[in-house]
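File shown here: work17.cif, holding mmCIF, C-alpha atoms.
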data_my_file
#
loop_
_atom_site.group_PDB
_atom_site.id
_atom_site.type_symbol
_atom_site.label_atom_id
_atom_site.label_comp_id
_atom_site.auth_asym_id
_atom_site.auth_seq_id
_atom_site.Cartn_x
_atom_site.Cartn_y
_atom_site.Cartn_z
ATOM 1 C CA MET A 1 -8.796 -12.587 15.480
ATOM 2 C CA ASN A 2 -5.136 -12.775 14.480
ATOM 3 C CA GLN A 3 -2.897 -9.923 13.341
ATOM 4 C CA MET A 4 -3.191 -10.650 9.613
ATOM 5 C CA GLN A 5 -6.990 -10.553 9.812
ATOM 6 C CA ILE A 6 -6.763 -7.195 11.581
ATOM 7 C CA ILE A 7 -4.499 -5.844 8.818
ATOM 8 C CA LYS A 8 -6.877 -7.168 6.153
ATOM 9 C CA ARG A 9 -9.926 -5.561 7.774
ATOM 10 C CA GLU A 10 -8.109 -2.255 8.149
ATOM 11 C CA LEU A 11 -7.159 -2.259 4.469
ATOM 12 C CA GLU A 12 -10.711 -3.242 3.441
ATOM 13 C CA ASN A 13 -11.901 0.007 5.034
ATOM 14 C CA HIS A 14 -9.661 1.975 2.653
ATOM 15 C CA ILE A 15 -10.433 0.369 -0.731
ATOM 16 C CA GLY A 16 -10.454 3.028 -3.442
ATOM 17 C CA LYS A 17 -8.226 5.448 -1.529
ATOM 18 C CA LYS A 18 -4.781 6.737 -2.446
ATOM 19 C CA VAL A 19 -1.882 4.936 -0.771
ATOM 20 C CA ILE A 20 1.886 5.129 -0.625
ATOM 21 C CA VAL A 21 3.687 1.802 -0.243
ATOM 22 C CA ARG A 22 7.323 1.498 0.854
ATOM 23 C CA ALA A 23 8.703 -1.982 0.231
ATOM 24 C CA ASN A 24 12.054 -3.232 1.488
ATOM 25 C CA LYS A 25 13.500 -5.325 -1.327
ATOM 26 C CA GLY A 26 16.669 -6.279 0.574
ATOM 27 C CA ARG A 27 20.288 -5.102 0.342
ATOM 28 C CA LYS A 28 19.334 -1.577 1.395
ATOM 29 C CA LYS A 29 16.954 -1.239 -1.547
ATOM 30 C CA ILE A 30 13.634 0.425 -0.734
ATOM 31 C CA VAL A 31 10.982 0.942 -3.412
ATOM 32 C CA THR A 32 8.285 3.584 -2.938
ATOM 33 C CA ARG A 33 5.123 3.320 -5.014
ATOM 34 C CA LYS A 34 2.057 5.551 -5.191
ATOM 35 C CA GLY A 35 -1.305 4.181 -6.216
ATOM 36 C CA ILE A 36 -4.859 3.273 -5.332
ATOM 37 C CA LEU A 37 -5.905 0.337 -3.165
ATOM 38 C CA LYS A 38 -8.104 -1.741 -5.480
ATOM 39 C CA ALA A 39 -8.964 -5.008 -3.732
ATOM 40 C CA THR A 40 -8.283 -7.309 -0.801
ATOM 41 C CA TYR A 41 -8.157 -11.079 -0.995
ATOM 42 C CA PRO A 42 -7.688 -13.760 1.676
ATOM 43 C CA SER A 43 -3.871 -13.585 1.610
ATOM 44 C CA LEU A 44 -2.967 -10.450 -0.372
ATOM 45 C CA PHE A 45 -4.066 -6.975 -1.421
ATOM 46 C CA VAL A 46 -3.852 -5.321 -4.838
ATOM 47 C CA LEU A 47 -2.871 -1.792 -5.822
ATOM 48 C CA GLU A 48 -3.077 0.100 -9.080
ATOM 49 C CA VAL A 49 0.305 1.795 -9.192
ATOM 50 C CA PHE A 50 1.218 4.847 -11.250
ATOM 51 C CA ASN A 51 4.241 3.921 -13.374
ATOM 52 C CA GLY A 52 4.924 7.035 -15.397
ATOM 53 C CA GLU A 53 1.991 7.305 -17.803
ATOM 54 C CA GLU A 54 0.669 3.765 -17.166
ATOM 55 C CA LEU A 55 -1.317 2.128 -14.401
ATOM 56 C CA VAL A 56 0.284 -1.143 -13.343
ATOM 57 C CA THR A 57 -1.058 -3.731 -10.901
ATOM 58 C CA ALA A 58 1.041 -4.633 -7.856
ATOM 59 C CA SER A 59 0.178 -7.055 -5.069
ATOM 60 C CA TYR A 60 1.511 -7.496 -1.542
ATOM 61 C CA THR A 61 0.745 -9.963 1.235
ATOM 62 C CA TYR A 62 -0.539 -9.151 4.697
ATOM 63 C CA SER A 63 2.471 -10.973 6.161
ATOM 64 C CA ASP A 64 4.714 -8.397 4.418
ATOM 65 C CA VAL A 65 2.902 -5.678 6.347
ATOM 66 C CA LEU A 66 3.010 -7.694 9.569
ATOM 67 C CA THR A 67 6.794 -8.177 9.331
ATOM 68 C CA SER A 68 7.326 -4.501 8.334
ATOM 69 C CA THR A 69 8.773 -5.477 4.963
ATOM 70 C CA VAL A 70 6.015 -3.315 3.459
ATOM 71 C CA GLN A 71 4.664 -0.098 4.963
ATOM 72 C CA VAL A 72 1.322 1.214 3.739
ATOM 73 C CA THR A 73 0.315 4.849 4.228
ATOM 74 C CA VAL A 74 -3.311 5.672 3.422
ATOM 75 C CA LEU A 75 -3.871 9.267 2.341
ATOM 76 C CA ASP A 76 -6.921 11.332 3.208
ATOM 77 C CA GLU A 77 -9.156 12.515 0.376
ATOM 78 C CA ASP A 78 -7.772 16.065 0.389
ATOM 79 C CA VAL A 79 -4.060 15.116 0.588
ATOM 80 C CA THR A 80 -2.066 14.870 -2.634
ATOM 81 C CA TYR A 81 1.021 12.750 -3.183
ATOM 82 C CA LYS A 82 3.198 15.872 -3.209
ATOM 83 C CA ASP A 83 1.836 16.966 0.181
ATOM 84 C CA ALA A 84 2.454 13.504 1.635
ATOM 85 C CA LYS A 85 6.036 13.536 0.399
ATOM 86 C CA MET A 86 6.640 16.803 2.240
ATOM 87 C CA ILE A 87 5.235 15.343 5.473
ATOM 88 C CA SER A 88 7.424 12.233 5.487
#

Would you mind writing the structure in this file as C-alpha cells?
Amino acid sequence: MNQMQIIKRELENHIGKKVIVRANKGRKKIVTRKGILKATYPSLFVLEVFNGEELVTASYTYSDVLTSTVQVTVLDEDVTYKDAKMIS
C-alpha cells in the first residue's frame, strides 16, 4: 500500500468530523479553513467549509497532504474550533 492510499484510508475513518485545514498557497501565503470532512474520492477529498454565514465546498488532493502543502487536523467530538485555535 502506498502513502497516498494510507492517507486516503486515514481520512475515510474521519468522514463527518470537524477538521482544520492549513494550505500553503505559495509566496508565504497560508490559508486556514475550518469545516467538516464530507467525502473521499480516489484522488481527492472534499470539505464543507464555513465561509462566514455560508457553507462552501473545497477539495484537496492526497498528494497535497503527502507533500505537506496541506495539513489536516481532525478534531475530537468534544473539541470546538476555538479550543483548537488555543492549542495550536

Using only C-alpha atoms, find each residue of segment 29-87 of chain A with at least one atom at most 7 Å away from an atom of segment 1-4 of chain A; report its shortest atom-to-atom pair and that distance in Å (one decimal), sort the rows by chain and rising residue number, and return the result as CSV.
residue,atom,partner,partner_atom,distance
A:Tyr62,CA,A:Met4,CA,5.8
A:Ser63,CA,A:Met4,CA,6.6
A:Leu66,CA,A:Met4,CA,6.9

Query raised in the report: Written as an NGL selection string, which residues does the PyMOL selection byres ((chain A and resi 47-59) around 7) give for the file shown?
Result: :A and (33-38 or 44-46 or 60-61)

Is it possible to get the axis-aligned box enclosing segment 7-19 of chain A (all listed atoms, 5 Å extra per side) as JSON, with centre and edge lengths in Å rounded to one decimal?
{"center_x": -6.9, "center_y": -0.2, "center_z": 2.7, "size_x": 20.0, "size_y": 23.9, "size_z": 22.3}

**Report entry** For atom CA of Thr69 of chain A and atom CA of Gly26 of chain A, the interatomic separation in Å (one decimal)
**Finding:**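 That distance, rounded to one decimal, is 9.1 Å.
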
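One distance worth recording is that between atom CA of Lys18 of chain A and atom CA of Leu75 of chain A, which is 5.5 Å.
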
**Report entry** All residues 7 Å or closer to Arg22 of chain A, all atoms listed in the file, same chain fewer than 2 positions away omitted, as a list in words
**Finding:**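 Skipping anything fewer than 2 positions along the chain leaves Ile20, Asn24, Ile30, Val31, Thr32, Arg33, Val70, Gln71 and Val72 of chain A.
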
Based on the selection just made, write C-alpha atoms of those residues as a PDB file, keeping the file's coordinate frame.
ATOM      1  CA  ILE A  20       1.886   5.129  -0.625  1.00  0.00           C
ATOM      2  CA  ASN A  24      12.054  -3.232   1.488  1.00  0.00           C
ATOM      3  CA  ILE A  30      13.634   0.425  -0.734  1.00  0.00           C
ATOM      4  CA  VAL A  31      10.982   0.942  -3.412  1.00  0.00           C
ATOM      5  CA  THR A  32       8.285   3.584  -2.938  1.00  0.00           C
ATOM      6  CA  ARG A  33       5.123   3.320  -5.014  1.00  0.00           C
ATOM      7  CA  VAL A  70       6.015  -3.315   3.459  1.00  0.00           C
ATOM      8  CA  GLN A  71       4.664  -0.098   4.963  1.00  0.00           C
ATOM      9  CA  VAL A  72       1.322   1.214   3.739  1.00  0.00           C
TER      10      VAL A  72
END

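Atom CA of Thr67 of chain A sits 16.5 Å away from atom CA of Arg27 of chain A.
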
Query raised in the report: What residues come out when you apply the PyMOL selection byres ((chain A and resi 10-12) around 10) to this file, written as number ranges by chain?
Result: A: 4-9, 13-17, 37-41, 45, 62, 72, 74

Completed segment 42-53 of chain A (all heavy atoms) as a compact mmCIF listing (two decimals), keeping the file's coordinate frame:
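The resulting part_30.txt:
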# COMPACT_ATOMS: atom_id res chain seq x y z
N PRO A 42 -8.02 -13.08 0.42
CA PRO A 42 -7.69 -13.76 1.68
C PRO A 42 -6.22 -13.65 2.11
O PRO A 42 -5.95 -13.53 3.30
CB PRO A 42 -8.07 -15.21 1.40
CG PRO A 42 -9.17 -15.11 0.40
CD PRO A 42 -8.80 -13.94 -0.47
N SER A 43 -5.27 -13.63 1.19
CA SER A 43 -3.87 -13.58 1.61
C SER A 43 -3.08 -12.43 1.03
O SER A 43 -1.90 -12.28 1.33
CB SER A 43 -3.18 -14.90 1.25
OG SER A 43 -3.21 -15.09 -0.14
N LEU A 44 -3.70 -11.58 0.20
CA LEU A 44 -2.97 -10.45 -0.37
C LEU A 44 -3.90 -9.31 -0.71
O LEU A 44 -5.11 -9.45 -0.71
CB LEU A 44 -2.17 -10.87 -1.61
CG LEU A 44 -2.92 -11.51 -2.79
CD1 LEU A 44 -3.38 -10.46 -3.77
CD2 LEU A 44 -2.02 -12.48 -3.48
N PHE A 45 -3.30 -8.14 -0.98
CA PHE A 45 -4.07 -6.98 -1.42
C PHE A 45 -3.44 -6.43 -2.70
O PHE A 45 -2.26 -6.63 -2.96
CB PHE A 45 -4.17 -5.90 -0.33
CG PHE A 45 -2.86 -5.37 0.17
CD1 PHE A 45 -2.35 -4.18 -0.33
CD2 PHE A 45 -2.14 -6.03 1.16
CE1 PHE A 45 -1.17 -3.65 0.14
CE2 PHE A 45 -0.95 -5.52 1.63
CZ PHE A 45 -0.46 -4.33 1.12
N VAL A 46 -4.25 -5.75 -3.50
CA VAL A 46 -3.85 -5.32 -4.84
C VAL A 46 -3.93 -3.80 -4.93
O VAL A 46 -4.90 -3.18 -4.48
CB VAL A 46 -4.76 -5.97 -5.91
CG1 VAL A 46 -4.39 -5.48 -7.30
CG2 VAL A 46 -4.69 -7.47 -5.83
N LEU A 47 -2.92 -3.22 -5.56
CA LEU A 47 -2.87 -1.79 -5.82
C LEU A 47 -2.80 -1.54 -7.31
O LEU A 47 -2.24 -2.35 -8.05
CB LEU A 47 -1.61 -1.17 -5.21
CG LEU A 47 -1.28 -1.39 -3.77
CD1 LEU A 47 0.07 -0.76 -3.47
CD2 LEU A 47 -2.33 -0.78 -2.89
N GLU A 48 -3.36 -0.42 -7.75
CA GLU A 48 -3.08 0.10 -9.08
C GLU A 48 -2.03 1.17 -8.87
O GLU A 48 -2.26 2.17 -8.21
CB GLU A 48 -4.33 0.68 -9.74
CG GLU A 48 -5.14 -0.32 -10.46
CD GLU A 48 -6.23 0.32 -11.32
OE1 GLU A 48 -6.43 1.54 -11.24
OE2 GLU A 48 -6.87 -0.42 -12.05
N VAL A 49 -0.84 0.93 -9.43
CA VAL A 49 0.30 1.80 -9.19
C VAL A 49 0.56 2.67 -10.41
O VAL A 49 0.47 2.20 -11.54
CB VAL A 49 1.56 0.93 -8.89
CG1 VAL A 49 2.76 1.80 -8.68
CG2 VAL A 49 1.31 0.04 -7.70
N PHE A 50 0.87 3.93 -10.17
CA PHE A 50 1.22 4.85 -11.25
C PHE A 50 2.67 4.62 -11.63
O PHE A 50 3.57 4.83 -10.84
CB PHE A 50 1.00 6.30 -10.81
CG PHE A 50 -0.40 6.59 -10.39
CD1 PHE A 50 -0.71 6.83 -9.07
CD2 PHE A 50 -1.43 6.59 -11.32
CE1 PHE A 50 -2.00 7.09 -8.67
CE2 PHE A 50 -2.73 6.85 -10.94
CZ PHE A 50 -3.01 7.09 -9.61
N ASN A 51 2.89 4.18 -12.86
CA ASN A 51 4.24 3.92 -13.37
C ASN A 51 4.44 4.83 -14.58
O ASN A 51 4.23 4.42 -15.71
CB ASN A 51 4.40 2.45 -13.74
CG ASN A 51 5.80 2.10 -14.15
OD1 ASN A 51 6.72 2.88 -13.94
ND2 ASN A 51 5.98 0.92 -14.72
N GLY A 52 4.82 6.07 -14.32
CA GLY A 52 4.92 7.04 -15.40
C GLY A 52 3.55 7.37 -15.92
O GLY A 52 2.70 7.90 -15.22
N GLU A 53 3.28 7.03 -17.17
CA GLU A 53 1.99 7.30 -17.80
C GLU A 53 1.01 6.14 -17.65
O GLU A 53 -0.16 6.28 -17.92
CB GLU A 53 2.20 7.59 -19.30
CG GLU A 53 3.05 8.81 -19.58
CD GLU A 53 2.32 10.10 -19.26
OE1 GLU A 53 1.11 10.17 -19.52
OE2 GLU A 53 2.97 11.02 -18.74
